[in-house]
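Everything on this sheet refers to the single structure shown next.
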Amino acid sequence: MITARQLPEDAIRARAREGSAAIFPDVGGYGRSLFGADVDSPGDELDRARIVPPVFVPRRLEKMFDLAREPVYGDVGLSTVLGGFTAPSPVFLCAFGSTQVAGSGLGIAASEQAGRLGMPMVIGENVVPMHGYGRMGESADDGLLGRIRAYAGAVPDGLGGVVVQQSTEDADAEVWNLVYSDPSATKLLETGRLAFELKVGQGAKPGLGGMTVLSRTAAGEIAEQYTVDEAFGTDTAMVLRSSSPGTFTGEILRQQIHLMRNNYPRARAWVKLHPGRDVGEAARVAWAAGADAVTVDGAEGGTGWAPSVFLDQVGLPLVECLRRVGKHDASLLVSGRIWEGARALKCLAMGASAVGLGRAALLAVDEDATEGLVRLVRCLELELRLLTSALGKYDLADLTSDDLWFPGSSARTEQDG
């Protein structure tokens, strides 16, 4: 057998042996594995950045005068308004879509716990076309209504909100029309806690639509709605199902948002962008057209199935997305391997209004279907308070990029950021 040490020999041989199946993660793990960029990705500046407390802390002095005592980390306020919703902390639950993992009961568990926390929740694309709406005769647990009911039954008055994402196939199924007129969503709608999110892209596979792996029987039932591909070989029981990525220009995006606001005036309008090179321009177009929030998935984001080359090499890292969008008065929501307070604070310091939990949330509810997500969020909130207090600040809005140091950056001389 010949060798070629200068090349990834195992990967080349796998492609020669398995064909197109080799460009995806191992299909044997589908339904039990979550996918995304490698944790040791060399491009992740955000993890390498340091949070740098100053010596002189005038904001702490101001807080001391307000409180008539020395401030402590418990005095840091985390409550915020994101995308038009009031939340106890700058954290939301990301979209899971129609992934098999989320449809196995974890989606319902996550919805209920997110409701108890009062954190806004996004329900991802293709849930209705793949799992049904959840009315009589359909599986209530797997359907979209099951997730809405679990959330609405637990969320405290005045907090949180549900965001329903829609892609091309969802539009064909009239998902937003169904939700907007459904009694299960009436309370959320009447209290201003319902939003619709236009999906322009996602971090796991920028420029592509959603992907899942299905049995041949299941694929046959939806073949007219989706692209079905024999990517894993004709001798296997599984096939690849792909959604349309949709077509957008600046004008198309503007018109889509205008239609959302005209057709669903009582619902908030959100837009989800993938980490494209023009993400800053796209965000500004969305906000100018009236979007209540723009969500950006960094290249580290995503919970669903995707080709390995996209997970490893496609899309801007989250830190670069934040740089290109910049500070803005409107809601900028970001996701991409968020699970703890330091990475969350770095995003907030660079201009994000809130951060989203995706794979971490699913892992948490898989660990404990009753309290796992609650505990995970409580840990993140405590870390946020500790870190923000260490910076001598007590309001998240006061965080700036001066609170961060990136390796290789020039030294700074300011006394306080």
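Every chain in the structure tokens has a letter given in the order shown (A, B, ...), and although residue numbers restart at 1 in each chain, ligands are simply numbered from 1 in the order shown.
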**OP:** Pick out each residue of region 216-296 of chain A that DSSP on the backbone tags as strand (DSSP E); I need them as an NGL selection string.
**Re:** :A and (227-229 or 238-242 or 268-273 or 293-296)
Original post:
So which residues touch region 216-224 of chain A within 7 Å, counting only C-alpha atoms, skipping near sequence neighbours fewer than 6 positions away, as a list in words?
Top reply: Ala237, Met238 and Val239 of chain A
Subject >> Proximity to Arg284 (chain A) - best of A:Leu194, A:Leu376, A:Leu93, A:Val325, only C-alpha atoms >> reply: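 Looking only at the distances to Arg284 (chain A), the closest residue turns out to be A:Val325.
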Original post:
From the set A:Val228, A:Val377, A:Ala369, A:Leu189, which residue has the shortest atom-to-atom contact distance to Ser111 (chain A), counting only C-alpha atoms?
Top reply: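 With only C-alpha atoms as the atom set, the closest residue is A:Ala369.
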Subject >> Polymer residues at most 6 Å from Ala299 (chain A), only C-alpha atoms, same-chain spacing of 6 or more positions, as a VMD selection string >> reply: chain A and resid 203 315 to 317
Original post:
For Leu117 (chain A), which of A:Asp403, A:Asp235, A:Glu381, A:Glu281 is the closest residue, counting only C-alpha atoms?
Top reply: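 For Leu117 (chain A), the nearest of the candidates is A:Glu381.
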Original post:
Would you give me, as number ranges by chain, the residues in region 174-220 of chain A that DSSP reads as helix (DSSP H, G or I)?
Top reply: A: 175-180, 183-190, 216-220
Got time to write the residues from that selection, N, CA and C atoms, as a PDB file, in the first residue's frame?
```
ATOM      1  N   VAL A 175     -47.047  28.293   7.340  1.00  0.00           N
ATOM      2  CA  VAL A 175     -46.807  28.135   8.769  1.00  0.00           C
ATOM      3  C   VAL A 175     -47.182  29.393   9.538  1.00  0.00           C
ATOM      4  N   TRP A 176     -46.736  30.559   9.082  1.00  0.00           N
ATOM      5  CA  TRP A 176     -47.030  31.782   9.809  1.00  0.00           C
ATOM      6  C   TRP A 176     -48.535  32.047   9.862  1.00  0.00           C
ATOM      7  N   ASN A 177     -49.230  31.796   8.770  1.00  0.00           N
ATOM      8  CA  ASN A 177     -50.688  31.989   8.774  1.00  0.00           C
ATOM      9  C   ASN A 177     -51.352  31.091   9.810  1.00  0.00           C
ATOM     10  N   LEU A 178     -50.901  29.837   9.898  1.00  0.00           N
ATOM     11  CA  LEU A 178     -51.479  28.896  10.856  1.00  0.00           C
ATOM     12  C   LEU A 178     -51.261  29.369  12.295  1.00  0.00           C
ATOM     13  N   VAL A 179     -50.033  29.767  12.595  1.00  0.00           N
ATOM     14  CA  VAL A 179     -49.710  30.180  13.963  1.00  0.00           C
ATOM     15  C   VAL A 179     -50.436  31.465  14.338  1.00  0.00           C
ATOM     16  N   TYR A 180     -50.482  32.412  13.422  1.00  0.00           N
ATOM     17  CA  TYR A 180     -51.050  33.732  13.701  1.00  0.00           C
ATOM     18  C   TYR A 180     -52.524  33.645  14.090  1.00  0.00           C
ATOM     19  N   PRO A 183     -55.541  29.361  18.265  1.00  0.00           N
ATOM     20  CA  PRO A 183     -55.863  29.687  19.668  1.00  0.00           C
ATOM     21  C   PRO A 183     -54.711  29.429  20.634  1.00  0.00           C
ATOM     22  N   SER A 184     -53.841  28.466  20.301  1.00  0.00           N
ATOM     23  CA  SER A 184     -52.718  28.155  21.187  1.00  0.00           C
ATOM     24  C   SER A 184     -51.738  29.307  21.301  1.00  0.00           C
ATOM     25  N   ALA A 185     -51.714  30.166  20.284  1.00  0.00           N
ATOM     26  CA  ALA A 185     -50.783  31.294  20.285  1.00  0.00           C
ATOM     27  C   ALA A 185     -51.461  32.612  20.629  1.00  0.00           C
ATOM     28  N   THR A 186     -52.761  32.576  20.916  1.00  0.00           N
ATOM     29  CA  THR A 186     -53.514  33.817  21.137  1.00  0.00           C
ATOM     30  C   THR A 186     -52.957  34.633  22.294  1.00  0.00           C
ATOM     31  N   LYS A 187     -52.681  33.999  23.421  1.00  0.00           N
ATOM     32  CA  LYS A 187     -52.198  34.738  24.577  1.00  0.00           C
ATOM     33  C   LYS A 187     -50.858  35.391  24.284  1.00  0.00           C
ATOM     34  N   LEU A 188     -49.976  34.642  23.616  1.00  0.00           N
ATOM     35  CA  LEU A 188     -48.678  35.208  23.267  1.00  0.00           C
ATOM     36  C   LEU A 188     -48.848  36.397  22.327  1.00  0.00           C
ATOM     37  N   LEU A 189     -49.740  36.254  21.364  1.00  0.00           N
ATOM     38  CA  LEU A 189     -49.970  37.329  20.400  1.00  0.00           C
ATOM     39  C   LEU A 189     -50.547  38.558  21.083  1.00  0.00           C
ATOM     40  N   GLU A 190     -51.522  38.359  21.953  1.00  0.00           N
ATOM     41  CA  GLU A 190     -52.194  39.484  22.612  1.00  0.00           C
ATOM     42  C   GLU A 190     -51.273  40.215  23.593  1.00  0.00           C
ATOM     43  N   ARG A 216     -35.826   5.936   3.645  1.00  0.00           N
ATOM     44  CA  ARG A 216     -36.389   6.036   2.291  1.00  0.00           C
ATOM     45  C   ARG A 216     -37.914   6.175   2.330  1.00  0.00           C
ATOM     46  N   THR A 217     -38.537   5.551   3.296  1.00  0.00           N
ATOM     47  CA  THR A 217     -39.995   5.649   3.407  1.00  0.00           C
ATOM     48  C   THR A 217     -40.410   7.071   3.748  1.00  0.00           C
ATOM     49  N   ALA A 218     -39.760   7.664   4.748  1.00  0.00           N
ATOM     50  CA  ALA A 218     -40.079   9.037   5.139  1.00  0.00           C
ATOM     51  C   ALA A 218     -39.773  10.016   4.016  1.00  0.00           C
ATOM     52  N   ALA A 219     -38.674   9.785   3.319  1.00  0.00           N
ATOM     53  CA  ALA A 219     -38.293  10.682   2.232  1.00  0.00           C
ATOM     54  C   ALA A 219     -39.309  10.641   1.100  1.00  0.00           C
ATOM     55  N   GLY A 220     -39.874   9.463   0.857  1.00  0.00           N
ATOM     56  CA  GLY A 220     -40.860   9.350  -0.212  1.00  0.00           C
ATOM     57  C   GLY A 220     -42.099  10.187   0.034  1.00  0.00           C
TER      58      GLY A 220
END
```
Subject >> Exercise: Ala342 (chain A) partners within 8 Å, only C-alpha atoms, chain neighbours under 6 positions left out, as a PyMOL selection string >> reply: chain A and resi 51+383-384+387
So that I have them on file, write out the residues from the current selection with C-alpha atoms, as an mmCIF file, in the first residue's frame.
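Result written to part27.cif:
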```cif
data_model
loop_
_atom_site.group_PDB
_atom_site.id
_atom_site.type_symbol
_atom_site.label_atom_id
_atom_site.label_comp_id
_atom_site.auth_asym_id
_atom_site.auth_seq_id
_atom_site.Cartn_x
_atom_site.Cartn_y
_atom_site.Cartn_z
ATOM 1 C CA ILE A 51 -11.446 39.815 29.437
ATOM 2 C CA GLU A 383 -20.613 34.070 35.375
ATOM 3 C CA LEU A 384 -21.945 37.144 33.572
ATOM 4 C CA LEU A 387 -17.251 39.029 35.018
#
```
Subject >> Pick from A:Thr234, A:Thr86, A:Ser244, A:Gln113, whichever lies nearest to Ala364 (chain A) using only C-alpha atoms >> reply: A:Gln113
